[in-house]
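Listing of my_file_8.cif; format and content: mmCIF, C-alpha atoms.
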```
data_structure
loop_
_atom_site.label_atom_id
_atom_site.label_comp_id
_atom_site.auth_asym_id
_atom_site.auth_seq_id
_atom_site.Cartn_x
_atom_site.Cartn_y
_atom_site.Cartn_z
CA MET A 1 5.15 -151.28 110.29
CA ALA A 2 2.22 -149.90 108.44
CA ILE A 3 3.30 -146.29 108.65
CA MET A 4 6.76 -144.82 108.64
CA THR A 5 7.32 -141.22 109.63
CA ILE A 6 10.61 -139.37 109.47
CA ASP A 7 10.83 -139.81 113.25
CA ASP A 8 10.51 -143.60 112.80
CA ALA A 9 13.23 -143.60 110.16
CA LEU A 10 15.60 -141.57 112.31
CA LYS A 11 14.81 -143.81 115.30
CA GLN A 12 15.79 -146.86 113.23
CA ILE A 13 19.09 -145.27 112.28
CA LEU A 14 19.83 -144.22 115.86
CA THR A 15 18.86 -147.61 117.32
CA ARG A 16 21.24 -149.37 114.96
CA VAL A 17 24.12 -147.17 116.11
CA ASN A 18 23.29 -147.68 119.80
CA ASP A 19 21.90 -144.22 120.36
CA PRO A 20 18.15 -144.94 120.64
CA TYR A 21 17.32 -141.61 122.27
CA GLY A 22 19.41 -139.60 119.84
CA ASP A 23 21.44 -137.94 122.53
CA THR A 24 24.61 -138.03 120.42
CA TYR A 25 23.86 -138.67 116.78
CA TRP A 26 20.38 -137.24 116.15
CA LEU A 27 21.54 -134.24 114.13
CA ARG A 28 23.98 -136.35 112.09
CA ALA A 29 21.32 -139.01 111.49
CA TYR A 30 18.94 -136.27 110.33
CA GLN A 31 21.60 -134.96 107.90
CA LEU A 32 22.50 -138.43 106.69
CA PHE A 33 18.86 -139.28 106.04
CA PHE A 34 18.66 -136.55 103.39
CA GLU A 35 22.21 -137.13 102.22
CA GLY A 36 21.29 -140.78 101.68
CA ILE A 37 18.26 -139.90 99.59
CA ASN A 38 20.29 -137.56 97.38
CA THR A 39 23.21 -139.93 97.03
CA LEU A 40 21.11 -142.98 96.17
CA VAL A 41 19.18 -141.05 93.55
CA GLN A 42 22.29 -139.49 92.10
CA THR A 43 24.00 -142.83 91.75
CA GLY A 44 20.93 -144.25 90.03
CA GLU A 45 19.97 -146.68 92.82
CA TYR A 46 16.28 -146.04 92.51
CA LYS A 47 13.25 -146.70 90.37
CA ALA A 48 11.01 -143.81 89.38
CA GLU A 49 8.04 -145.29 91.19
CA GLU A 50 10.04 -145.42 94.43
CA ILE A 51 10.44 -141.67 94.67
CA PRO A 52 7.27 -140.21 93.16
CA SER A 53 7.38 -136.98 95.13
CA MET A 54 10.89 -136.17 93.98
CA ILE A 55 10.09 -136.49 90.29
CA LYS A 56 8.64 -133.29 88.91
CA ILE A 57 7.32 -132.42 85.50
CA VAL A 58 7.08 -128.82 84.36
CA THR A 59 5.78 -127.43 81.09
CA LEU A 60 7.96 -124.74 79.57
CA GLU A 61 6.86 -122.22 76.98
CA THR A 62 9.62 -122.01 74.41
CA GLU A 63 8.52 -118.73 72.81
CA ASP A 64 10.50 -119.42 69.66
CA ARG A 65 13.81 -119.52 71.48
CA ASN A 66 16.47 -122.11 70.93
CA SER A 67 17.80 -121.98 74.46
CA ILE A 68 16.07 -121.92 77.82
CA TYR A 69 17.26 -120.70 81.18
CA TRP A 70 15.57 -122.70 83.82
CA SER A 71 15.79 -123.19 87.56
CA SER A 72 13.58 -125.42 89.63
CA PRO A 73 10.86 -123.81 91.73
CA ASN A 74 11.46 -123.19 95.47
CA MET A 75 15.11 -122.64 94.81
CA SER A 76 15.39 -120.24 97.72
CA GLU A 77 14.56 -123.05 100.15
CA ASN A 78 18.24 -123.62 100.33
CA ASP A 79 19.33 -125.76 103.21
CA LEU A 80 21.06 -129.10 103.16
CA PHE A 81 20.94 -129.53 99.37
CA GLY A 82 17.23 -128.74 99.49
CA GLY A 83 15.20 -128.01 96.40
CA PHE A 84 17.97 -128.31 93.88
CA VAL A 85 17.80 -130.30 90.74
CA ILE A 86 19.62 -133.59 91.07
CA LYS A 87 19.21 -134.48 87.47
CA ILE A 88 17.10 -133.73 84.43
CA ILE A 89 15.65 -137.04 83.33
CA ASP A 90 13.73 -136.15 80.19
CA VAL A 91 13.03 -133.31 77.84
CA ARG A 92 10.14 -134.14 75.54
CA ASP A 93 7.01 -132.99 73.76
CA SER A 94 4.16 -132.31 76.14
CA VAL A 95 2.32 -135.51 76.87
CA GLY A 96 -1.40 -134.99 77.28
CA GLU A 97 -3.31 -136.65 80.05
CA GLY A 98 -5.47 -139.67 79.39
CA ILE A 99 -5.10 -141.27 76.00
CA VAL A 100 -1.90 -140.02 74.47
CA SER A 101 -2.26 -138.85 70.91
CA SER A 102 -0.47 -141.05 68.44
CA SER A 103 0.21 -138.15 66.10
CA GLU A 104 3.78 -137.53 65.13
CA GLY A 105 5.81 -135.27 67.35
CA ASN A 106 9.40 -134.51 68.10
CA ARG A 107 12.12 -136.73 69.36
CA PHE A 108 14.43 -135.12 71.91
CA LYS A 109 17.95 -136.45 72.30
CA GLU A 110 20.54 -135.25 74.76
CA ILE A 111 23.96 -134.76 73.25
CA ASP A 112 27.30 -133.94 74.76
CA ASN A 113 29.97 -131.58 73.57
CA ASP A 114 31.69 -134.32 71.56
CA TYR A 115 28.54 -134.86 69.53
CA TYR A 116 28.07 -131.12 69.15
CA GLN A 117 31.59 -130.91 67.72
CA LEU A 118 30.71 -133.78 65.40
CA ILE A 119 27.75 -131.82 64.02
CA LYS A 120 30.02 -128.86 63.43
CA PHE A 121 32.55 -131.13 61.77
CA ASP A 122 30.10 -133.08 59.60
CA LYS A 123 26.56 -131.84 59.02
CA GLU A 124 25.38 -135.38 58.32
CA TYR A 125 25.15 -135.79 62.08
CA LYS A 126 22.58 -133.02 62.45
CA PRO A 127 19.05 -133.76 63.66
CA LEU A 128 16.40 -134.89 61.21
CA LYS A 129 13.25 -132.84 60.62
CA ASN A 130 11.33 -133.83 63.74
CA GLU A 131 14.31 -134.30 65.98
CA ILE A 132 15.63 -131.87 68.53
CA PHE A 133 19.01 -132.27 70.15
CA TYR A 134 19.72 -130.56 73.43
CA MET A 135 22.67 -129.92 75.66
CA ILE A 136 22.39 -129.23 79.35
CA GLU A 137 24.85 -126.45 79.99
CA GLY A 138 26.03 -124.54 83.01
CA LYS A 139 25.59 -120.87 83.66
CA THR A 140 26.60 -118.69 80.77
CA GLU A 141 25.70 -115.23 82.02
CA GLY A 142 28.26 -113.13 83.86
CA TYR A 143 31.85 -113.86 84.74
CA GLU A 144 31.59 -113.78 88.53
CA TRP A 145 32.98 -116.57 90.63
CA ALA A 146 30.48 -118.71 92.45
CA GLY A 147 29.10 -116.70 95.34
CA GLU A 148 30.64 -113.45 94.14
CA PRO A 149 28.33 -110.41 93.97
CA THR A 150 27.32 -109.49 90.45
CA GLU A 151 28.93 -106.42 88.98
CA GLY A 152 27.61 -103.17 90.46
CA SER A 153 25.99 -104.92 93.42
CA ASP A 154 27.13 -105.64 96.97
CA GLU A 155 24.57 -108.36 97.47
CA PRO A 156 25.59 -111.95 96.90
CA PRO A 157 23.81 -113.46 93.90
CA SER A 158 20.42 -114.99 94.53
CA VAL A 159 20.15 -118.72 94.66
CA GLU A 160 17.89 -118.62 91.61
CA ASN A 161 20.55 -116.76 89.68
CA GLU A 162 23.36 -119.05 90.78
CA HIS A 163 21.57 -122.23 89.93
CA LYS A 164 19.94 -121.42 86.64
CA ILE A 165 20.51 -124.22 84.20
CA LEU A 166 20.87 -123.38 80.55
CA ILE A 167 19.49 -125.88 78.07
CA LYS A 168 20.50 -125.30 74.47
CA PHE A 169 18.55 -126.85 71.64
CA ILE A 170 19.48 -127.75 68.08
CA GLY A 171 16.38 -128.07 65.96
CA THR A 172 13.01 -126.41 65.67
CA LEU A 173 11.31 -126.29 69.04
CA PRO A 174 7.59 -126.86 69.54
CA ARG A 175 5.57 -124.14 71.26
CA GLU A 176 5.94 -125.86 74.58
CA LEU A 177 7.85 -128.78 75.98
CA GLU A 178 7.95 -130.86 79.11
CA LEU A 179 10.88 -131.09 81.42
CA LYS A 180 11.06 -133.99 83.84
CA TYR A 181 13.56 -133.73 86.65
CA ILE A 182 14.43 -135.02 90.08
CA ALA A 183 14.51 -132.45 92.84
CA SER A 184 16.10 -132.95 96.23
CA PRO A 185 13.66 -132.99 99.14
CA ILE A 186 13.68 -129.81 101.22
CA PRO A 187 14.44 -130.75 104.84
CA SER A 188 12.71 -127.71 106.29
CA LYS A 189 9.44 -128.93 104.80
CA PHE A 190 9.55 -132.06 106.97
CA LYS A 191 8.00 -132.00 110.43
CA VAL A 192 10.44 -133.80 112.68
CA SER A 193 10.88 -134.24 116.45
CA ASN A 194 14.23 -132.83 117.54
CA PRO A 195 15.33 -134.17 120.96
CA ALA A 196 18.05 -131.54 121.28
CA GLU A 197 15.46 -128.78 121.16
CA SER A 198 12.84 -130.86 123.00
CA ILE A 199 10.48 -130.49 120.04
CA GLU A 200 8.01 -133.37 119.93
CA GLN A 201 5.96 -133.38 116.73
CA VAL A 202 2.44 -134.64 117.19
CA SER A 203 2.29 -135.72 113.58
CA PRO A 204 5.74 -136.00 112.02
CA THR A 205 5.90 -136.16 108.24
CA ARG A 206 5.10 -139.55 106.77
CA VAL A 207 7.97 -140.57 104.54
CA ASP A 208 6.36 -143.83 103.43
CA GLN A 209 3.99 -141.76 101.32
CA MET A 210 6.78 -140.17 99.33
CA PHE A 211 9.27 -143.05 99.15
CA SER A 212 8.84 -146.78 98.88
CA LEU A 213 9.79 -148.79 101.96
CA PRO A 214 12.62 -150.65 100.21
CA PHE A 215 14.08 -147.31 99.17
CA LEU A 216 13.73 -145.98 102.72
CA TYR A 217 15.55 -149.01 104.10
CA LYS A 218 18.35 -148.37 101.63
CA VAL A 219 18.53 -144.80 102.92
CA ILE A 220 18.58 -146.07 106.52
CA ASP A 221 21.34 -148.54 105.62
CA PHE A 222 23.32 -145.76 104.00
CA ALA A 223 23.00 -143.53 107.08
CA VAL A 224 23.88 -146.34 109.48
CA GLN A 225 26.98 -147.30 107.50
CA LYS A 226 28.15 -143.70 107.36
CA LEU A 227 27.45 -143.13 111.05
CA SER A 228 29.26 -146.33 112.01
CA MET A 229 32.30 -145.27 110.00
CA GLU A 230 32.29 -141.79 111.49
CA ALA A 231 31.80 -143.14 115.03
CA PHE A 232 34.61 -145.61 114.48
CA ASP A 233 36.95 -142.82 113.34
CA MET B 1 8.33 -140.22 50.50
CA LEU B 2 10.20 -137.62 52.51
CA TYR B 3 13.99 -137.76 52.45
CA ASP B 4 14.06 -137.99 56.25
CA ASN B 5 11.60 -140.91 56.16
CA ILE B 6 13.86 -142.74 53.72
CA LYS B 7 16.75 -142.35 56.16
CA LYS B 8 14.55 -143.54 59.02
CA GLU B 9 13.40 -146.54 56.98
CA ILE B 10 16.98 -147.57 56.27
CA GLY B 11 17.80 -147.16 59.96
CA LYS B 12 14.79 -149.28 60.98
CA ARG B 13 15.76 -152.12 58.69
CA LEU B 14 19.26 -152.04 60.13
CA GLY B 15 17.94 -152.22 63.69
CA ASP B 16 18.95 -148.61 64.32
CA PRO B 17 15.60 -146.75 64.38
CA PHE B 18 17.05 -143.63 66.01
CA LEU B 19 19.99 -143.63 63.60
CA ASP B 20 22.43 -143.49 66.47
CA LYS B 21 24.92 -145.55 64.51
CA TYR B 22 24.23 -144.93 60.83
CA ARG B 23 23.01 -141.31 60.87
CA ALA B 24 25.95 -139.88 58.94
CA LEU B 25 25.98 -142.72 56.40
CA VAL B 26 22.41 -143.28 55.31
CA GLY B 27 22.06 -140.21 53.08
CA ASN B 28 25.20 -140.80 51.06
CA VAL B 29 24.66 -144.54 50.83
CA PHE B 30 21.11 -144.00 49.56
CA VAL B 31 22.22 -141.68 46.75
CA GLU B 32 25.09 -144.04 45.93
CA SER B 33 22.65 -146.93 45.65
CA LEU B 34 20.29 -144.91 43.48
CA GLY B 35 23.17 -143.79 41.28
CA ASN B 36 24.31 -147.39 40.83
CA MET B 37 20.79 -148.42 39.87
CA LEU B 38 20.72 -145.76 37.15
CA LYS B 39 24.16 -146.81 35.97
CA GLU B 40 23.09 -150.45 35.80
CA ASP B 41 19.80 -149.60 34.07
CA ASP B 42 17.94 -151.08 37.01
CA TYR B 43 14.94 -148.83 36.50
CA GLY B 44 11.95 -148.46 34.23
CA ILE B 45 11.82 -145.18 32.38
CA ASN B 46 8.30 -144.70 33.65
CA GLU B 47 9.62 -144.83 37.20
CA ILE B 48 11.31 -141.46 36.91
CA GLU B 49 9.39 -138.34 35.95
CA SER B 50 11.22 -135.87 33.75
CA VAL B 51 11.60 -132.15 33.92
CA ASP B 52 8.67 -131.88 31.50
CA SER B 53 6.31 -132.92 34.25
CA GLU B 54 4.52 -129.95 35.71
CA THR B 55 4.58 -131.26 39.25
CA VAL B 56 8.24 -132.15 39.63
CA THR B 57 10.22 -129.21 40.94
CA ASN B 58 13.69 -130.71 41.34
CA PRO B 59 13.83 -133.44 38.71
CA LEU B 60 16.54 -136.02 38.58
CA LEU B 61 15.78 -136.49 34.90
CA THR B 62 16.37 -133.06 33.47
CA LYS B 63 17.27 -131.59 30.09
CA LYS B 64 19.52 -129.10 28.40
CA THR B 65 18.51 -127.46 25.16
CA TYR B 66 21.29 -126.77 22.68
CA SER B 67 20.41 -124.07 20.21
CA TYR B 68 22.47 -123.07 17.25
CA SER B 69 22.11 -121.68 13.74
CA GLN B 70 23.33 -123.33 10.62
CA VAL B 71 26.27 -121.01 10.14
CA GLY B 72 29.08 -122.86 11.88
CA LEU B 73 32.34 -123.81 10.27
CA ASN B 74 31.96 -127.10 8.45
CA ASN B 75 28.43 -127.25 9.84
CA THR B 76 29.89 -128.45 13.12
CA LYS B 77 28.90 -127.20 16.54
CA LYS B 78 30.46 -128.31 19.82
CA PHE B 79 29.08 -127.65 23.31
CA GLN B 80 30.50 -128.37 26.73
CA LEU B 81 28.24 -130.67 28.72
CA GLU B 82 26.60 -129.35 31.87
CA SER B 83 28.64 -129.98 34.98
CA ASP B 84 25.88 -132.06 36.56
CA VAL B 85 25.47 -134.58 33.73
CA PHE B 86 25.57 -138.14 35.06
CA ILE B 87 23.94 -140.30 32.38
CA VAL B 88 22.64 -139.07 29.05
CA GLN B 89 19.25 -140.60 28.63
CA ASP B 90 18.12 -139.26 25.24
CA VAL B 91 18.93 -136.65 22.61
CA LEU B 92 16.13 -135.42 20.39
CA PHE B 93 14.86 -132.43 18.50
CA GLY B 94 12.95 -129.84 20.37
CA ASP B 95 10.42 -127.24 19.28
CA ASP B 96 9.85 -126.89 15.54
CA TYR B 97 12.26 -129.65 14.62
CA SER B 98 10.38 -132.15 16.68
CA ASN B 99 9.52 -135.22 14.72
CA ILE B 100 6.10 -135.13 16.25
CA SER B 101 4.88 -131.95 14.62
CA PRO B 102 7.40 -130.57 12.18
CA GLU B 103 6.38 -127.20 10.83
CA PHE B 104 8.82 -127.43 8.01
CA ASP B 105 8.48 -129.33 4.80
CA PHE B 106 11.23 -131.73 5.71
CA VAL B 107 11.71 -134.28 8.44
CA PRO B 108 15.16 -134.01 10.01
CA THR B 109 16.95 -136.98 11.44
CA LEU B 110 19.16 -137.08 14.49
CA LYS B 111 21.66 -139.90 14.81
CA GLU B 112 24.39 -140.74 17.29
CA ILE B 113 27.68 -141.74 15.72
CA SER B 114 30.64 -143.62 17.05
CA LYS B 115 34.11 -142.26 17.57
CA ASP B 116 35.29 -144.33 14.65
CA THR B 117 32.68 -142.81 12.33
CA GLN B 118 33.62 -139.36 13.59
CA ARG B 119 37.25 -139.96 12.59
CA ARG B 120 36.44 -141.48 9.23
CA MET B 121 34.04 -138.65 8.39
CA ALA B 122 37.02 -136.34 8.05
CA ILE B 123 38.36 -138.28 5.10
CA GLU B 124 35.29 -140.06 3.69
CA ASP B 125 32.61 -137.74 2.41
CA ALA B 126 30.21 -140.63 2.11
CA LEU B 127 30.04 -140.84 5.88
CA LYS B 128 29.15 -137.19 6.40
CA PRO B 129 25.53 -136.26 7.10
CA SER B 130 23.46 -135.73 4.03
CA GLY B 131 19.92 -134.68 3.29
CA TYR B 132 18.34 -133.59 6.51
CA GLU B 133 20.63 -135.54 8.83
CA ILE B 134 22.28 -134.26 11.96
CA PHE B 135 24.85 -136.45 13.64
CA TYR B 136 26.05 -136.08 17.20
CA ILE B 137 28.67 -137.62 19.40
CA ILE B 138 29.18 -137.27 23.14
CA ASN B 139 32.72 -137.61 24.35
CA ASN B 140 35.35 -135.69 26.30
CA TYR B 141 32.63 -134.02 28.34
CA SER B 142 31.19 -132.32 25.30
CA ILE B 143 28.53 -132.90 22.66
CA THR B 144 29.31 -132.21 19.02
CA PHE B 145 26.70 -131.83 16.28
CA TYR B 146 27.46 -132.40 12.60
CA SER B 147 24.73 -131.05 10.37
CA SER B 148 24.11 -131.69 6.73
CA ALA B 149 24.81 -128.71 4.51
CA GLU B 150 21.38 -129.22 2.99
CA ILE B 151 19.48 -128.30 6.14
CA PRO B 152 17.94 -124.86 5.61
CA ASN B 153 19.29 -121.96 7.66
CA GLY B 154 17.49 -121.36 10.86
CA LYS B 155 17.71 -122.06 14.53
CA ILE B 156 18.00 -125.66 15.56
CA ASN B 157 17.00 -126.71 19.04
CA ILE B 158 18.13 -130.06 20.32
CA ASP B 159 17.19 -131.33 23.77
CA MET B 160 19.48 -133.59 25.71
CA TYR B 161 17.69 -135.44 28.52
CA TYR B 162 20.03 -136.61 31.21
CA PHE B 163 20.11 -137.86 34.78
CA LYS B 164 21.78 -135.61 37.25
CA ALA B 165 23.91 -137.52 39.71
CA PRO B 166 21.79 -138.03 42.84
CA SER B 167 23.33 -135.66 45.37
CA ASN B 168 22.98 -135.97 49.10
CA ASP B 169 24.21 -132.40 49.51
CA GLU B 170 21.58 -131.02 47.16
CA TRP B 171 18.77 -133.07 48.64
CA SER B 172 19.79 -132.25 52.20
CA THR B 173 19.72 -128.55 51.40
CA LEU B 174 16.28 -128.88 49.80
CA ASN B 175 15.18 -130.99 52.75
CA ASP B 176 16.03 -128.12 55.11
CA GLY B 177 13.00 -126.23 53.78
CA SER B 178 9.94 -126.14 55.97
CA ASP B 179 8.15 -129.03 54.29
CA GLY B 180 11.15 -131.26 53.74
CA LEU B 181 11.99 -132.87 50.42
CA ASN B 182 9.57 -135.37 48.96
CA LEU B 183 11.46 -137.59 46.53
CA GLU B 184 8.27 -138.75 44.86
CA THR B 185 6.62 -135.42 44.12
CA SER B 186 9.64 -133.10 43.98
CA VAL B 187 12.31 -135.30 42.42
CA GLY B 188 9.97 -137.55 40.45
CA LEU B 189 11.02 -140.99 41.68
CA SER B 190 8.44 -143.76 41.88
CA PRO B 191 7.77 -145.34 45.30
CA GLN B 192 8.97 -148.72 44.02
CA LEU B 193 12.24 -147.28 42.76
CA ILE B 194 12.80 -145.64 46.15
CA GLN B 195 12.07 -148.92 47.94
CA ARG B 196 14.57 -150.77 45.77
CA ALA B 197 17.19 -148.10 46.50
CA ILE B 198 16.42 -148.45 50.21
CA ASN B 199 16.90 -152.21 49.90
CA ARG B 200 20.25 -151.74 48.23
CA SER B 201 21.32 -149.24 50.88
CA VAL B 202 20.40 -151.66 53.66
CA MET B 203 22.30 -154.49 51.98
CA HIS B 204 25.27 -152.22 51.49
CA LEU B 205 25.33 -151.01 55.07
CA SER B 206 24.74 -154.44 56.57
CA GLY B 207 27.62 -155.63 54.40
CA VAL B 208 29.78 -152.88 55.89
CA GLU B 209 28.80 -154.09 59.34
CA GLN B 210 29.55 -157.69 58.42
CA GLY B 211 32.96 -156.58 57.18
CA GLU B 212 33.61 -154.84 60.49
CA LYS B 213 32.87 -158.08 62.37
CA GLU B 214 35.25 -160.05 60.23
#
```

Could you take the file, read its structure, and then write that structure out as structure tokens?
Amino acid sequence: MAIMTIDDALKQILTRVNDPYGDTYWLRAYQLFFEGINTLVQTGEYKAEEIPSMIKIVTLETEDRNSIYWSSPNMSENDLFGGFVIKIIDVRDSVGEGIVSSSEGNRFKEIDNDYYQLIKFDKEYKPLKNEIFYMIEGKTEGYEWAGEPTEGSDEPPSVENEHKILIKFIGTLPRELELKYIASPIPSKFKVSNPAESIEQVSPTRVDQMFSLPFLYKVIDFAVQKLSMEAFD
Amino acid sequence: MLYDNIKKEIGKRLGDPFLDKYRALVGNVFVESLGNMLKEDDYGINEIESVDSETVTNPLLTKKTYSYSQVGLNNTKKFQLESDVFIVQDVLFGDDYSNISPEFDFVPTLKEISKDTQRRMAIEDALKPSGYEIFYIINNYSITFYSSAEIPNGKINIDMYYFKAPSNDEWSTLNDGSDGLNLETSVGLSPQLIQRAINRSVMHLSGVEQGEKE
């Protein structure tokens, strides 16, 4: 198969569970396709070059702060885990294109709370001159429960507000830094043929361009296994 | 060589370039190694610049000037040593009493005496300083000067050159400045001396690791 669209992938899943026309399991197969992608990436069963379109790099201006609130772009495209950050892979000095300068820069190292306590306990553990430690924290603004309107407002909090990630730094930050992260695919961005709604896409989204075929087959396997278990239940 | 680079160098030689394992140890082990080298006389005096150098801002080899007038009881003067004295390197006249360019018509002599001489001086006048002699003894965290009664009245300045104990706390604080701490230009250590101290630190830490395995 030279080309694989999302329709082809769903057809493979449905064929393997004896529902080639998708009369019964199309919607579940569609859900499991994206669930599979997220789960495989989250559990580390991927190589970076297998999911190029999910790996994003953004440049952040630090503006002399030692903490950054950040949420991934397109956060409001919120359906079926869409658009959220699965994990932050790297925080680093900006890497220029082409030949990378060999001049000295900063080393970024992620630390956890235990290490943070260690620094507080013994300053010998603190970062050296060109080192920056960072901690990826949760939300630290407001005391509302998840989904609860913010004080003085009847509106539920925006997705951007709910999912802002706070990154705290220990060390002297450069003017700008790069953040490399994995974002979930947004299902609504995919053009797919839905038999239940009799929608036949002329050109469904090609998934072989955004994922490697071995990775796609792992996703298909994941969906088939899940569907088989659910059907068996 | 910057203090941070010394730590990195020790880490590299131990196979821990990011100092994930030895971060909290390298600073203290380095100053311990350097201190042991000073204690064991494993250095050339030209390898450590003194406070008299115009470029060194935080010298390891520093000095304290003791000034007193010839009016003390029994021509004896006792001073407490500075709290940061580690090894006394030299005691000599400063200013006008310098042997290099004395402005007086006599040449004073400074001589260290033993504890035994100090005790016997009390009962044997022959052992007391005479002429233009000044004796001194360093013990019990103090320095005591015994001057000859023949030395003319006037202020006497005596410089004591000493090594401060290398201090990781002090160097870390200095290193927090924007430029970091350069042990060659700021503290006055020669590159070779630093390298030897690094070597000792690596041997020490790898010995610790070996001990852990056993």

> So which residues get picked by the PyMOL selection byres ((chain B and resi 170) around 12) here, written as a VMD selection string?
Replying inline: chain B and resid 3 27 to 28 31 58 to 60 84 164 to 169 171 to 177 181 187

>> Assuming the chain letters and numbering stay as they are in my file, what does the PyMOL selection byres ((chain A) within 7 of (chain B)) actually select? List them as a list in words.
In response: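 Given this file, the PyMOL selection byres ((chain A) within 7 of (chain B)) evaluates to Glu124, Tyr125, Leu128 and Lys129 of chain A.
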
> Which residues fall under the PyMOL selection byres ((chain A and resi 88-95) around 10) in this file, as number ranges by chain?
Replying inline: A: 55-60, 85-87, 96-101, 105-110, 132-134, 136, 167, 173-183

>> My list of candidates is B:Val88, B:Leu14, B:Leu38, B:Met160. Which is closest to Met203 (chain B) when distances are computed with all atoms listed in the file?
In response: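 Closest to Met203 (chain B) of all the choices is B:Leu14.
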
>> For a quick check of understanding, using only C-alpha atoms, which of A:Thr62, A:Thr24, A:Ser53, A:Thr172 has the smallest distance to Pro195 (chain A)?
In response: A:Thr24

> So, counting all atoms listed in the file, which residue among A:Glu61, A:Glu137, A:Glu131, A:Glu151 is closest to Ile170 (chain A)?
Replying inline: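 Selected residue with least distance to Ile170 (chain A): A:Glu131.
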